[in-house]
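Below is my_file23.txt, holding compact mmCIF, C-alpha atoms.
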```txt
# COMPACT_ATOMS: atom_id res chain seq x y z
CA MET D 7 -11.19 7.49 19.51
CA SER D 8 -8.04 9.43 18.76
CA THR D 9 -7.12 11.25 15.57
CA SER D 10 -4.88 9.37 13.17
CA MET D 11 -2.85 10.49 10.19
CA LEU D 12 -2.44 7.66 7.69
CA SER D 13 -0.27 8.08 4.62
CA GLY D 14 0.11 5.85 1.63
CA SER D 15 0.53 5.48 -2.10
CA CYS D 16 -0.24 3.37 -5.13
CA LEU D 17 2.08 0.66 -6.48
CA CYS D 18 4.13 3.00 -8.70
CA GLY D 19 4.22 5.73 -6.02
CA GLU D 20 2.83 8.46 -8.26
CA VAL D 21 -0.45 8.76 -6.32
CA ARG D 22 0.24 9.74 -2.71
CA PHE D 23 -2.28 10.57 0.00
CA ILE D 24 -2.84 11.48 3.63
CA ALA D 25 -6.05 10.56 5.45
CA THR D 26 -6.66 12.28 8.79
CA GLY D 27 -9.38 11.52 11.29
CA GLU D 28 -10.80 8.78 13.50
CA THR D 29 -10.40 5.21 12.33
CA GLN D 30 -13.88 3.68 12.65
CA ARG D 31 -13.64 0.14 11.26
CA PHE D 32 -11.16 -2.30 9.74
CA TYR D 33 -12.75 -5.23 7.92
CA HIS D 34 -11.70 -8.05 5.64
CA CYS D 35 -14.43 -8.15 3.00
CA HIS D 36 -15.08 -11.45 1.23
CA CYS D 37 -17.77 -10.22 -1.19
CA LYS D 38 -17.45 -11.06 -4.86
CA ARG D 39 -16.89 -7.41 -5.81
CA CYS D 40 -13.96 -6.96 -3.42
CA ARG D 41 -12.47 -10.27 -4.52
CA LYS D 42 -12.69 -9.27 -8.20
CA ALA D 43 -11.27 -5.78 -7.59
CA SER D 44 -8.38 -7.02 -5.45
CA GLY D 45 -7.66 -10.31 -7.22
CA THR D 46 -7.47 -12.03 -3.83
CA GLY D 47 -9.73 -13.95 -1.44
CA HIS D 48 -10.70 -10.76 0.40
CA ALA D 49 -10.02 -7.05 0.48
CA SER D 50 -8.76 -5.40 3.67
CA ASN D 51 -10.40 -2.00 4.12
CA LEU D 52 -10.27 0.76 6.71
CA PHE D 53 -13.05 3.27 7.24
CA LEU D 54 -11.90 6.60 8.65
CA LYS D 55 -14.17 9.51 9.61
CA GLY D 56 -12.17 12.50 8.46
CA THR D 57 -10.46 14.00 5.46
CA LEU D 58 -8.49 12.81 2.46
CA SER D 59 -5.82 14.92 0.79
CA TRP D 60 -3.67 14.11 -2.20
CA GLU D 61 0.06 14.73 -1.84
CA GLY D 62 0.66 13.91 -5.50
CA GLY D 63 -0.85 12.27 -8.53
CA GLU D 64 -4.47 13.26 -7.95
CA ASP D 65 -4.88 13.66 -11.72
CA LEU D 66 -4.00 9.96 -12.12
CA VAL D 67 -6.81 8.76 -9.82
CA LYS D 68 -9.52 6.85 -11.68
CA SER D 69 -12.76 5.35 -10.39
CA TYR D 70 -15.10 2.66 -11.59
CA LYS D 71 -18.57 2.70 -10.04
CA LEU D 72 -20.32 -0.60 -10.52
CA PRO D 73 -23.74 0.52 -11.90
CA GLU D 74 -25.88 -1.92 -9.90
CA ALA D 75 -23.97 -1.46 -6.62
CA GLU D 76 -25.23 0.89 -3.94
CA ARG D 77 -21.81 1.50 -2.39
CA PHE D 78 -19.10 -0.24 -4.40
CA THR D 79 -16.60 1.88 -6.31
CA ASN D 80 -13.10 0.78 -7.25
CA THR D 81 -10.64 3.71 -7.06
CA PHE D 82 -7.16 3.21 -8.47
CA CYS D 83 -4.07 4.77 -10.06
CA GLY D 84 -4.51 5.08 -13.83
CA THR D 85 -0.82 4.26 -14.37
CA CYS D 86 -0.21 1.15 -12.25
CA GLY D 87 -3.75 0.09 -11.28
CA GLY D 88 -2.92 0.15 -7.55
CA ARG D 89 -5.99 0.74 -5.38
CA VAL D 90 -6.16 4.07 -3.55
CA PRO D 91 -8.61 5.67 -1.09
CA ARG D 92 -11.76 7.56 -1.86
CA PHE D 93 -13.91 9.94 0.12
CA VAL D 94 -17.52 8.76 0.46
CA GLU D 95 -19.37 12.04 0.84
CA SER D 96 -22.75 10.50 1.74
CA LEU D 97 -21.17 8.75 4.74
CA ASP D 98 -18.49 11.37 5.52
CA ILE D 99 -15.98 8.50 5.49
CA VAL D 100 -12.60 7.92 3.85
CA PHE D 101 -12.51 4.36 2.47
CA ILE D 102 -8.90 3.15 2.51
CA PRO D 103 -7.63 -0.07 0.93
CA ALA D 104 -5.28 -1.15 3.74
CA GLY D 105 -2.64 -2.41 1.31
CA SER D 106 -2.15 1.14 0.03
CA LEU D 107 -0.91 2.36 3.42
CA ASP D 108 2.77 3.17 3.97
CA VAL D 109 2.24 3.21 7.75
CA GLU D 110 0.67 0.82 10.24
CA PRO D 111 -2.92 1.73 11.10
CA ASP D 112 -3.85 2.26 14.75
CA LEU D 113 -6.57 -0.39 14.54
CA ALA D 114 -6.24 -4.14 13.94
CA PRO D 115 -8.72 -5.97 11.69
CA GLN D 116 -11.99 -6.38 13.59
CA ALA D 117 -14.07 -8.78 11.50
CA ARG D 118 -14.60 -10.65 8.26
CA ILE D 119 -17.67 -9.44 6.37
CA PHE D 120 -19.74 -10.94 3.56
CA THR D 121 -18.39 -14.36 4.45
CA GLY D 122 -21.40 -15.98 2.79
CA SER D 123 -20.00 -15.05 -0.62
CA GLY D 124 -16.41 -15.99 0.22
CA THR D 125 -14.46 -18.81 -1.41
CA ASP D 126 -13.28 -22.10 0.09
CA TRP D 127 -9.68 -21.31 -0.86
CA SER D 128 -9.50 -17.90 0.89
CA CYS D 129 -7.23 -17.68 3.92
CA ASP D 130 -8.59 -18.86 7.25
CA GLU D 131 -9.06 -16.11 9.79
CA ALA D 132 -10.77 -18.08 12.52
CA GLY D 133 -9.62 -15.56 15.13
CA LEU D 134 -11.95 -12.85 13.79
CA PRO D 135 -15.73 -12.78 14.01
CA GLY D 136 -17.48 -13.36 10.69
CA PHE D 137 -20.66 -11.78 9.37
CA SER D 138 -22.67 -12.74 6.30
CA GLU D 139 -23.28 -9.01 5.62
CA TYR D 140 -22.41 -5.74 7.38
CA PRO D 141 -22.35 -6.04 11.19
CA ASP D 142 -24.72 -3.83 13.19
```

Please, can you express the file's structure as structure tokens?
Amino acid sequence: MSTSMLSGSCLCGEVRFIATGETQRFYHCHCKRCRKASGTGHASNLFLKGTLSWEGGEDLVKSYKLPEAERFTNTFCGTCGGRVPRFVESLDIVFIPAGSLDVEPDLAPQARIFTGSGTDWSCDEAGLPGFSEYPD
């Protein structure tokens, strides 16, 4: 895979970031946690092996780690609530909410995950493979 440089920001534009590395995965997650955090039928997330740097507003970045969740953390701007990336040290991965990007990623969505906990009213993405949990 090639190296990408993805830039983005929160809703108010105060938190700005650049993620650099290899885009690994791009999933639409239908789990209850992603639905609650995004307020939509699914969250669209990129996973990039690389680095995350803040171009502005790092002091505004807040995180909420769901106590019972192994991996789920909601990272957002403390001013506007817009979701922003986080670096997952244990996986050496930058987790990027795709809606926070100001540029087009170099990878199209690959799959829908946690479809077993999705809702009937969520958008239909029949063109993508679906998995009840994480794919292998």

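Taking atom CA of Ala104 of chain D and atom CA of Leu52 of chain D as the two end points, the separation is 6.1 Å.
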
Residue with the minimum atom-to-atom distance to Glu74 of chain D, picked from D:Arg118, D:His48, D:Arg39, D:Lys55 with only C-alpha atoms counted, is D:Arg39

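Of the listed residues D:His34, D:Phe82, D:Leu72, D:Leu54, the one whose atoms come nearest to Val21 of chain D is D:Phe82, with distances taken using all atoms listed in the file.
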
Fill in: Spatial neighbours of Phe101 of chain D, 9 Å, only C-alpha atoms, chain gap at least 3 places, as JSON, numbers by chain
{"D": [51, 52, 53, 54, 55, 90, 91, 92, 93, 94]}

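Summary of the local environment: counting all atoms listed in the file, residues at most 10 Å from Cys83 of chain D, other than itself and those fewer than 6 positions away along its chain, are D:Ser15, D:Cys16, D:Leu17, D:Cys18, D:Gly19, D:Glu20, D:Val21, D:Arg22, D:Gly63, D:Glu64, D:Asp65, D:Leu66, D:Val67, D:Lys68, D:Ser69, D:Arg89, D:Val90.
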
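Note that atom CA of Ile102 of chain D and atom CA of Ser44 of chain D are 12.9 Å apart.
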
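Note that the spacing between atom CA of Phe32 of chain D and atom CA of Ala114 of chain D amounts to 6.7 Å.
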
Restricted to C-alpha atoms, what does segment 8-136 of chain D look like when written out as a CSV table (one decimal), in the first residue's frame?
```
chain,number,residue,atom,x,y,z
D,8,SER,CA,1.1,3.6,-0.6
D,9,THR,CA,1.5,6.3,2.0
D,10,SER,CA,-1.4,8.7,2.4
D,11,MET,CA,-1.6,12.1,4.0
D,12,LEU,CA,-5.2,12.7,5.2
D,13,SER,CA,-6.2,16.1,6.7
D,14,GLY,CA,-9.4,17.1,8.4
D,15,SER,CA,-11.1,19.0,11.1
D,16,CYS,CA,-14.0,19.1,13.5
D,17,LEU,CA,-17.3,20.9,12.8
D,18,CYS,CA,-16.2,24.3,14.1
D,19,GLY,CA,-12.7,24.0,12.5
D,20,GLU,CA,-10.8,24.6,15.7
D,21,VAL,CA,-9.4,21.1,15.9
D,22,ARG,CA,-7.3,20.3,12.8
D,23,PHE,CA,-5.2,17.2,12.1
D,24,ILE,CA,-3.0,15.4,9.6
D,25,ALA,CA,-2.8,11.6,9.6
D,26,THR,CA,0.0,10.1,7.6
D,27,GLY,CA,0.6,6.4,6.7
D,28,GLU,CA,-1.0,3.4,5.0
D,29,THR,CA,-4.8,3.2,4.9
D,30,GLN,CA,-5.6,-0.3,6.1
D,31,ARG,CA,-9.4,-0.5,6.3
D,32,PHE,CA,-12.5,1.5,5.7
D,33,TYR,CA,-15.7,0.1,7.3
D,34,HIS,CA,-19.2,1.2,8.0
D,35,CYS,CA,-19.9,0.1,11.6
D,36,HIS,CA,-23.5,-0.6,12.6
D,37,CYS,CA,-22.8,-1.5,16.2
D,38,LYS,CA,-24.9,0.2,18.9
D,39,ARG,CA,-21.9,2.2,20.2
D,40,CYS,CA,-21.1,3.7,16.9
D,41,ARG,CA,-24.7,4.5,16.2
D,42,LYS,CA,-25.1,6.3,19.6
D,43,ALA,CA,-21.8,8.2,19.2
D,44,SER,CA,-22.6,9.3,15.6
D,45,GLY,CA,-26.4,9.8,15.9
D,46,THR,CA,-26.8,7.9,12.6
D,47,GLY,CA,-27.4,4.3,11.4
D,48,HIS,CA,-23.7,3.6,11.1
D,49,ALA,CA,-20.3,5.3,11.6
D,50,SER,CA,-17.8,5.4,8.7
D,51,ASN,CA,-14.3,4.8,10.0
D,52,LEU,CA,-10.9,4.6,8.4
D,53,PHE,CA,-8.0,2.7,10.0
D,54,LEU,CA,-4.6,4.0,9.1
D,55,LYS,CA,-1.2,2.6,10.2
D,56,GLY,CA,0.9,5.6,10.8
D,57,THR,CA,1.0,8.9,12.7
D,58,LEU,CA,-1.5,11.5,13.8
D,59,SER,CA,-0.4,15.2,14.3
D,60,TRP,CA,-2.5,18.1,15.4
D,61,GLU,CA,-2.4,21.2,13.3
D,62,GLY,CA,-4.5,23.2,15.8
D,63,GLY,CA,-6.9,22.8,18.7
D,64,GLU,CA,-5.3,19.7,20.4
D,65,ASP,CA,-6.2,21.2,23.8
D,66,LEU,CA,-9.8,21.0,22.8
D,67,VAL,CA,-9.8,17.3,22.1
D,68,LYS,CA,-11.8,15.3,24.6
D,69,SER,CA,-12.3,11.5,24.8
D,70,TYR,CA,-14.9,9.3,26.4
D,71,LYS,CA,-13.8,5.7,27.0
D,72,LEU,CA,-16.8,3.4,27.5
D,73,PRO,CA,-15.8,1.5,30.7
D,74,GLU,CA,-17.1,-1.9,29.6
D,75,ALA,CA,-15.7,-1.6,26.0
D,76,GLU,CA,-12.5,-3.2,25.0
D,77,ARG,CA,-11.8,-0.8,22.1
D,78,PHE,CA,-14.5,1.8,21.9
D,79,THR,CA,-13.5,5.4,22.7
D,80,ASN,CA,-15.4,8.5,21.4
D,81,THR,CA,-12.9,11.3,20.6
D,82,PHE,CA,-14.4,14.7,19.8
D,83,CYS,CA,-13.9,18.5,19.9
D,84,GLY,CA,-14.9,19.9,23.3
D,85,THR,CA,-16.3,23.0,21.6
D,86,CYS,CA,-18.6,21.7,18.8
D,87,GLY,CA,-18.7,17.9,19.6
D,88,GLY,CA,-17.5,17.0,16.2
D,89,ARG,CA,-15.7,13.6,16.1
D,90,VAL,CA,-12.0,13.6,15.5
D,91,PRO,CA,-9.3,10.9,15.1
D,92,ARG,CA,-7.4,9.2,17.8
D,93,PHE,CA,-4.2,7.2,17.9
D,94,VAL,CA,-4.7,3.6,19.2
D,95,GLU,CA,-1.3,2.9,20.7
D,96,SER,CA,-1.9,-0.8,21.3
D,97,LEU,CA,-2.7,-1.4,17.6
D,98,ASP,CA,-0.3,1.3,16.2
D,99,ILE,CA,-3.4,2.6,14.2
D,100,VAL,CA,-4.9,6.0,13.7
D,101,PHE,CA,-8.7,5.6,13.9
D,102,ILE,CA,-10.3,8.3,11.7
D,103,PRO,CA,-14.0,9.1,11.6
D,104,ALA,CA,-14.4,9.5,7.8
D,105,GLY,CA,-16.8,12.5,8.1
D,106,SER,CA,-14.0,14.5,9.8
D,107,LEU,CA,-11.8,14.4,6.6
D,108,ASP,CA,-11.4,17.5,4.4
D,109,VAL,CA,-9.9,15.3,1.6
D,110,GLU,CA,-11.1,12.2,-0.2
D,111,PRO,CA,-9.4,9.0,1.2
D,112,ASP,CA,-7.5,6.8,-1.2
D,113,LEU,CA,-9.7,3.8,-0.2
D,114,ALA,CA,-13.4,3.2,-0.8
D,115,PRO,CA,-15.6,1.6,2.0
D,116,GLN,CA,-14.8,-2.1,2.0
D,117,ALA,CA,-17.5,-3.6,4.2
D,118,ARG,CA,-20.3,-3.2,6.7
D,119,ILE,CA,-19.4,-4.5,10.2
D,120,PHE,CA,-21.5,-5.5,13.2
D,121,THR,CA,-24.6,-5.7,11.0
D,122,GLY,CA,-26.2,-8.0,13.5
D,123,SER,CA,-26.8,-5.0,15.8
D,124,GLY,CA,-27.8,-2.6,13.0
D,125,THR,CA,-31.3,-1.1,12.7
D,126,ASP,CA,-34.0,-1.8,10.1
D,127,TRP,CA,-34.0,1.9,9.1
D,128,SER,CA,-30.3,2.3,8.4
D,129,CYS,CA,-29.3,2.9,4.8
D,130,ASP,CA,-29.1,-0.1,2.5
D,131,GLU,CA,-25.6,-0.8,1.3
D,132,ALA,CA,-26.2,-4.1,-0.5
D,133,GLY,CA,-23.1,-3.5,-2.7
D,134,LEU,CA,-20.7,-4.1,0.3
D,135,PRO,CA,-20.1,-7.3,2.1
D,136,GLY,CA,-21.6,-7.5,5.6
```
